[in-house]
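Data block for final34.tsv (TSV, N, CA and C atoms):
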chain	number	residue	atom	x	y	z
I	90	MET	N	22.37	-11.58	-3.25
I	90	MET	CA	22.88	-12.92	-3.49
I	90	MET	C	24.39	-12.89	-3.34
I	91	ASP	N	24.95	-13.88	-2.76
I	91	ASP	CA	26.39	-13.99	-2.54
I	91	ASP	C	27.07	-14.46	-3.82
I	92	THR	N	28.11	-13.72	-4.27
I	92	THR	CA	28.80	-14.09	-5.50
I	92	THR	C	29.64	-15.33	-5.33
I	93	LYS	N	29.96	-15.71	-4.09
I	93	LYS	CA	30.75	-16.92	-3.87
I	93	LYS	C	29.91	-18.17	-4.17
I	94	SER	N	28.63	-18.12	-3.90
I	94	SER	CA	27.79	-19.29	-4.16
I	94	SER	C	27.38	-19.37	-5.63
I	95	ASN	N	27.37	-18.24	-6.33
I	95	ASN	CA	26.98	-18.22	-7.74
I	95	ASN	C	27.91	-17.25	-8.48
I	96	PRO	N	29.11	-17.70	-8.82
I	96	PRO	CA	30.11	-16.77	-9.39
I	96	PRO	C	29.73	-16.20	-10.74
I	97	THR	N	28.89	-16.88	-11.51
I	97	THR	CA	28.55	-16.36	-12.84
I	97	THR	C	27.41	-15.37	-12.79
I	98	GLY	N	26.66	-15.33	-11.72
I	98	GLY	CA	25.58	-14.38	-11.59
I	98	GLY	C	24.39	-14.68	-12.47
I	99	THR	N	24.18	-15.94	-12.80
I	99	THR	CA	23.08	-16.28	-13.71
I	99	THR	C	21.72	-15.99	-13.11
I	100	ALA	N	21.61	-16.06	-11.79
I	100	ALA	CA	20.32	-15.79	-11.18
I	100	ALA	C	19.96	-14.31	-11.27
I	101	CYS	N	20.95	-13.45	-11.37
I	101	CYS	CA	20.72	-12.00	-11.44
I	101	CYS	C	20.44	-11.53	-12.86
I	102	ARG	N	20.81	-12.33	-13.85
I	102	ARG	CA	20.58	-11.93	-15.24
I	102	ARG	C	19.12	-12.04	-15.59
I	103	GLY	N	18.67	-11.14	-16.41
I	103	GLY	CA	17.28	-11.18	-16.84
I	103	GLY	C	17.09	-12.08	-18.04
I	104	ILE	N	15.85	-12.41	-18.30
I	104	ILE	CA	15.52	-13.24	-19.46
I	104	ILE	C	15.88	-12.52	-20.75
I	105	GLU	N	15.75	-11.20	-20.77
I	105	GLU	CA	16.07	-10.43	-21.97
I	105	GLU	C	17.54	-10.56	-22.32
I	106	VAL	N	18.39	-10.54	-21.30
I	106	VAL	CA	19.83	-10.68	-21.54
I	106	VAL	C	20.13	-12.07	-22.07
I	107	ASP	N	19.50	-13.08	-21.50
I	107	ASP	CA	19.69	-14.44	-22.00
I	107	ASP	C	19.23	-14.56	-23.45
I	108	ASP	N	18.09	-13.96	-23.77
I	108	ASP	CA	17.59	-14.00	-25.15
I	108	ASP	C	18.56	-13.29	-26.10
I	109	GLU	N	19.14	-12.20	-25.65
I	109	GLU	CA	20.10	-11.48	-26.49
I	109	GLU	C	21.36	-12.31	-26.72
I	110	ILE	N	21.82	-12.97	-25.68
I	110	ILE	CA	23.01	-13.83	-25.82
I	110	ILE	C	22.71	-14.98	-26.77
I	111	ILE	N	21.53	-15.57	-26.65
I	111	ILE	CA	21.13	-16.65	-27.56
I	111	ILE	C	21.10	-16.14	-29.00
I	112	GLY	N	20.56	-14.96	-29.20
I	112	GLY	CA	20.51	-14.38	-30.55
I	112	GLY	C	21.87	-14.14	-31.14
I	113	VAL	N	22.78	-13.63	-30.32
I	113	VAL	CA	24.14	-13.38	-30.80
I	113	VAL	C	24.85	-14.68	-31.14
I	114	LEU	N	24.71	-15.68	-30.29
I	114	LEU	CA	25.35	-16.97	-30.57
I	114	LEU	C	24.76	-17.62	-31.82
I	115	TYR	N	23.47	-17.48	-32.02
I	115	TYR	CA	22.84	-18.01	-33.23
I	115	TYR	C	23.37	-17.30	-34.48
I	116	ALA	N	23.49	-15.98	-34.40
I	116	ALA	CA	24.01	-15.21	-35.54
I	116	ALA	C	25.45	-15.61	-35.85
I	117	ILE	N	26.23	-15.84	-34.82
I	117	ILE	CA	27.62	-16.29	-35.02
I	117	ILE	C	27.63	-17.63	-35.73
I	118	SER	N	26.75	-18.54	-35.34
I	118	SER	CA	26.72	-19.85	-35.97
I	118	SER	C	26.29	-19.77	-37.44
I	119	VAL	N	25.36	-18.87	-37.74
I	119	VAL	CA	24.92	-18.70	-39.13
I	119	VAL	C	26.06	-18.16	-39.99
I	120	VAL	N	26.78	-17.16	-39.48
I	120	VAL	CA	27.90	-16.58	-40.22
I	120	VAL	C	29.01	-17.61	-40.38
I	121	SER	N	29.27	-18.39	-39.35
I	121	SER	CA	30.31	-19.43	-39.42
I	121	SER	C	29.97	-20.46	-40.48
I	122	LYS	N	28.71	-20.85	-40.55
I	122	LYS	CA	28.28	-21.82	-41.56
I	122	LYS	C	28.47	-21.25	-42.96
I	123	ARG	N	28.11	-19.98	-43.15
I	123	ARG	CA	28.25	-19.33	-44.45
I	123	ARG	C	29.73	-19.23	-44.85
I	124	LEU	N	30.58	-18.87	-43.90
I	124	LEU	CA	32.02	-18.79	-44.19
I	124	LEU	C	32.59	-20.15	-44.56
I	125	ALA	N	32.18	-21.19	-43.84
I	125	ALA	CA	32.66	-22.54	-44.15
I	125	ALA	C	32.24	-22.97	-45.54
I	126	ARG	N	30.99	-22.66	-45.91
I	126	ARG	CA	30.50	-23.01	-47.25
I	126	ARG	C	31.29	-22.26	-48.32
I	127	ASN	N	31.54	-20.96	-48.10
I	127	ASN	CA	32.29	-20.16	-49.07
I	127	ASN	C	33.73	-20.66	-49.20
I	128	LEU	N	34.34	-21.04	-48.08
I	128	LEU	CA	35.71	-21.57	-48.14
I	128	LEU	C	35.75	-22.89	-48.91
I	129	ALA	N	34.75	-23.72	-48.71
I	129	ALA	CA	34.69	-24.99	-49.44
I	129	ALA	C	34.54	-24.74	-50.94
I	130	LEU	N	33.71	-23.76	-51.31
I	130	LEU	CA	33.54	-23.42	-52.73
I	130	LEU	C	34.85	-22.91	-53.33
I	131	LEU	N	35.54	-22.06	-52.60
I	131	LEU	CA	36.82	-21.54	-53.09
I	131	LEU	C	37.84	-22.66	-53.27
I	132	GLU	N	37.83	-23.61	-52.34
I	132	GLU	CA	38.76	-24.73	-52.45
I	132	GLU	C	38.46	-25.56	-53.69
I	133	ARG	N	37.17	-25.81	-53.94
I	133	ARG	CA	36.80	-26.58	-55.14
I	133	ARG	C	37.18	-25.84	-56.41
I	134	GLN	N	37.00	-24.51	-56.42
I	134	GLN	CA	37.36	-23.73	-57.60
I	134	GLN	C	38.86	-23.78	-57.83
I	135	GLY	N	39.63	-23.74	-56.75
I	135	GLY	CA	41.09	-23.84	-56.88
I	135	GLY	C	41.51	-25.18	-57.43
I	136	GLU	N	40.85	-26.24	-56.98
I	136	GLU	CA	41.17	-27.57	-57.51
I	136	GLU	C	40.80	-27.66	-58.97
I	137	ARG	N	39.69	-27.06	-59.36
I	137	ARG	CA	39.25	-27.11	-60.76
I	137	ARG	C	40.24	-26.35	-61.64
I	138	SER	N	40.72	-25.20	-61.18
I	138	SER	CA	41.64	-24.42	-62.00
I	138	SER	C	42.98	-25.12	-62.12
I	139	LYS	N	43.38	-25.88	-61.10
I	139	LYS	CA	44.62	-26.65	-61.19
I	139	LYS	C	44.50	-27.78	-62.20
I	140	GLU	N	43.27	-28.29	-62.39
I	140	GLU	CA	43.03	-29.38	-63.33
I	140	GLU	C	42.86	-28.87	-64.75
I	141	GLY	N	42.88	-27.58	-64.95
I	141	GLY	CA	42.77	-27.02	-66.28
I	141	GLY	C	41.38	-26.51	-66.61
I	142	GLY	N	40.45	-26.65	-65.70
I	142	GLY	CA	39.10	-26.12	-65.93
I	142	GLY	C	39.10	-24.62	-65.71
I	143	ARG	N	38.04	-23.97	-66.13
I	143	ARG	CA	37.94	-22.53	-65.96
I	143	ARG	C	37.01	-22.23	-64.79
I	144	PRO	N	37.44	-21.39	-63.85
I	144	PRO	CA	36.60	-21.11	-62.68
I	144	PRO	C	35.40	-20.23	-63.01
I	145	HIS	N	34.47	-20.17	-62.11
I	145	HIS	CA	33.27	-19.32	-62.18
I	145	HIS	C	32.34	-19.70	-63.32
I	146	GLY	N	32.32	-20.98	-63.70
I	146	GLY	CA	31.37	-21.43	-64.70
I	146	GLY	C	31.65	-20.93	-66.10
I	147	GLN	N	32.86	-20.51	-66.40
I	147	GLN	CA	33.16	-19.96	-67.72
I	147	GLN	C	33.35	-21.04	-68.77
I	148	ASP	N	33.36	-22.29	-68.36
I	148	ASP	CA	33.53	-23.36	-69.33
I	148	ASP	C	32.21	-23.86	-69.88
I	149	GLU	N	31.12	-23.20	-69.53
I	149	GLU	CA	29.82	-23.60	-70.02
I	149	GLU	C	29.52	-22.91	-71.36
I	150	ARG	N	28.78	-23.61	-72.22
I	150	ARG	CA	28.41	-23.03	-73.50
I	150	ARG	C	27.32	-21.99	-73.32
I	151	ILE	N	27.40	-20.96	-74.10
I	151	ILE	CA	26.37	-19.94	-74.10
I	151	ILE	C	25.59	-20.09	-75.39
I	152	GLN	N	24.29	-20.27	-75.28
I	152	GLN	CA	23.44	-20.44	-76.44
I	152	GLN	C	23.16	-19.07	-77.05
I	153	PRO	N	23.30	-18.94	-78.36
I	153	PRO	CA	22.98	-17.66	-79.01
I	153	PRO	C	21.49	-17.38	-78.89
I	154	SER	N	21.16	-16.13	-78.61
I	154	SER	CA	19.75	-15.76	-78.50
I	154	SER	C	19.24	-15.33	-79.87
I	155	ASP	N	18.02	-15.75	-80.18
I	155	ASP	CA	17.41	-15.40	-81.48
I	155	ASP	C	16.57	-14.18	-81.37

Before we go any further, please render this structure as structure tokens.
Amino acid sequence: MDTKSNPTGTACRGIEVDDEIIGVLYAISVVSKRLARNLALLERQGERSKEGGRPHGQDERIQPSD
């Protein structure tokens, strides 16, 4: 196949390679979502501590166990 007509070489790539690329991109998106969620939680905790609240749920009452 002439590389000038198909510079990316997609016709030469196998289905396994495409599946691997899809898997890697999916894993990247999962990690990105997790990082975004963790950053949002940290931001909320920072706002709470600036307001005088205690971070990490330490302002909750603990019931004595009998």

To one decimal place in Å, what is the distance between atom N of I:Arg133 and atom CA of I:Val119?
20.5 Å

Box in all listed atoms of stretch 127-142 of chain I, axis-aligned, with 6 Å more on each side; write out centre and edge lengths in Å to one decimal as lines of an AutoDock Vina configuration file.
center_x = 38.1
center_y = -24.8
center_z = -57.3
size_x = 25.1
size_y = 21.2
size_z = 30.5

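Straight-line separation from atom C of I:Ala125 to atom N of I:Asp108: 27.5 Å.
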
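Coordinates place atom CA of I:Val106 at a distance of 21.2 Å from atom CA of I:Val120.
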
Could you go through stretch 100-146 of chain I and tell me which residues DSSP, when run on the backbone, assigns to helix (DSSP H, G or I), listing them as a PyMOL selection string?
chain I and resi 104-139
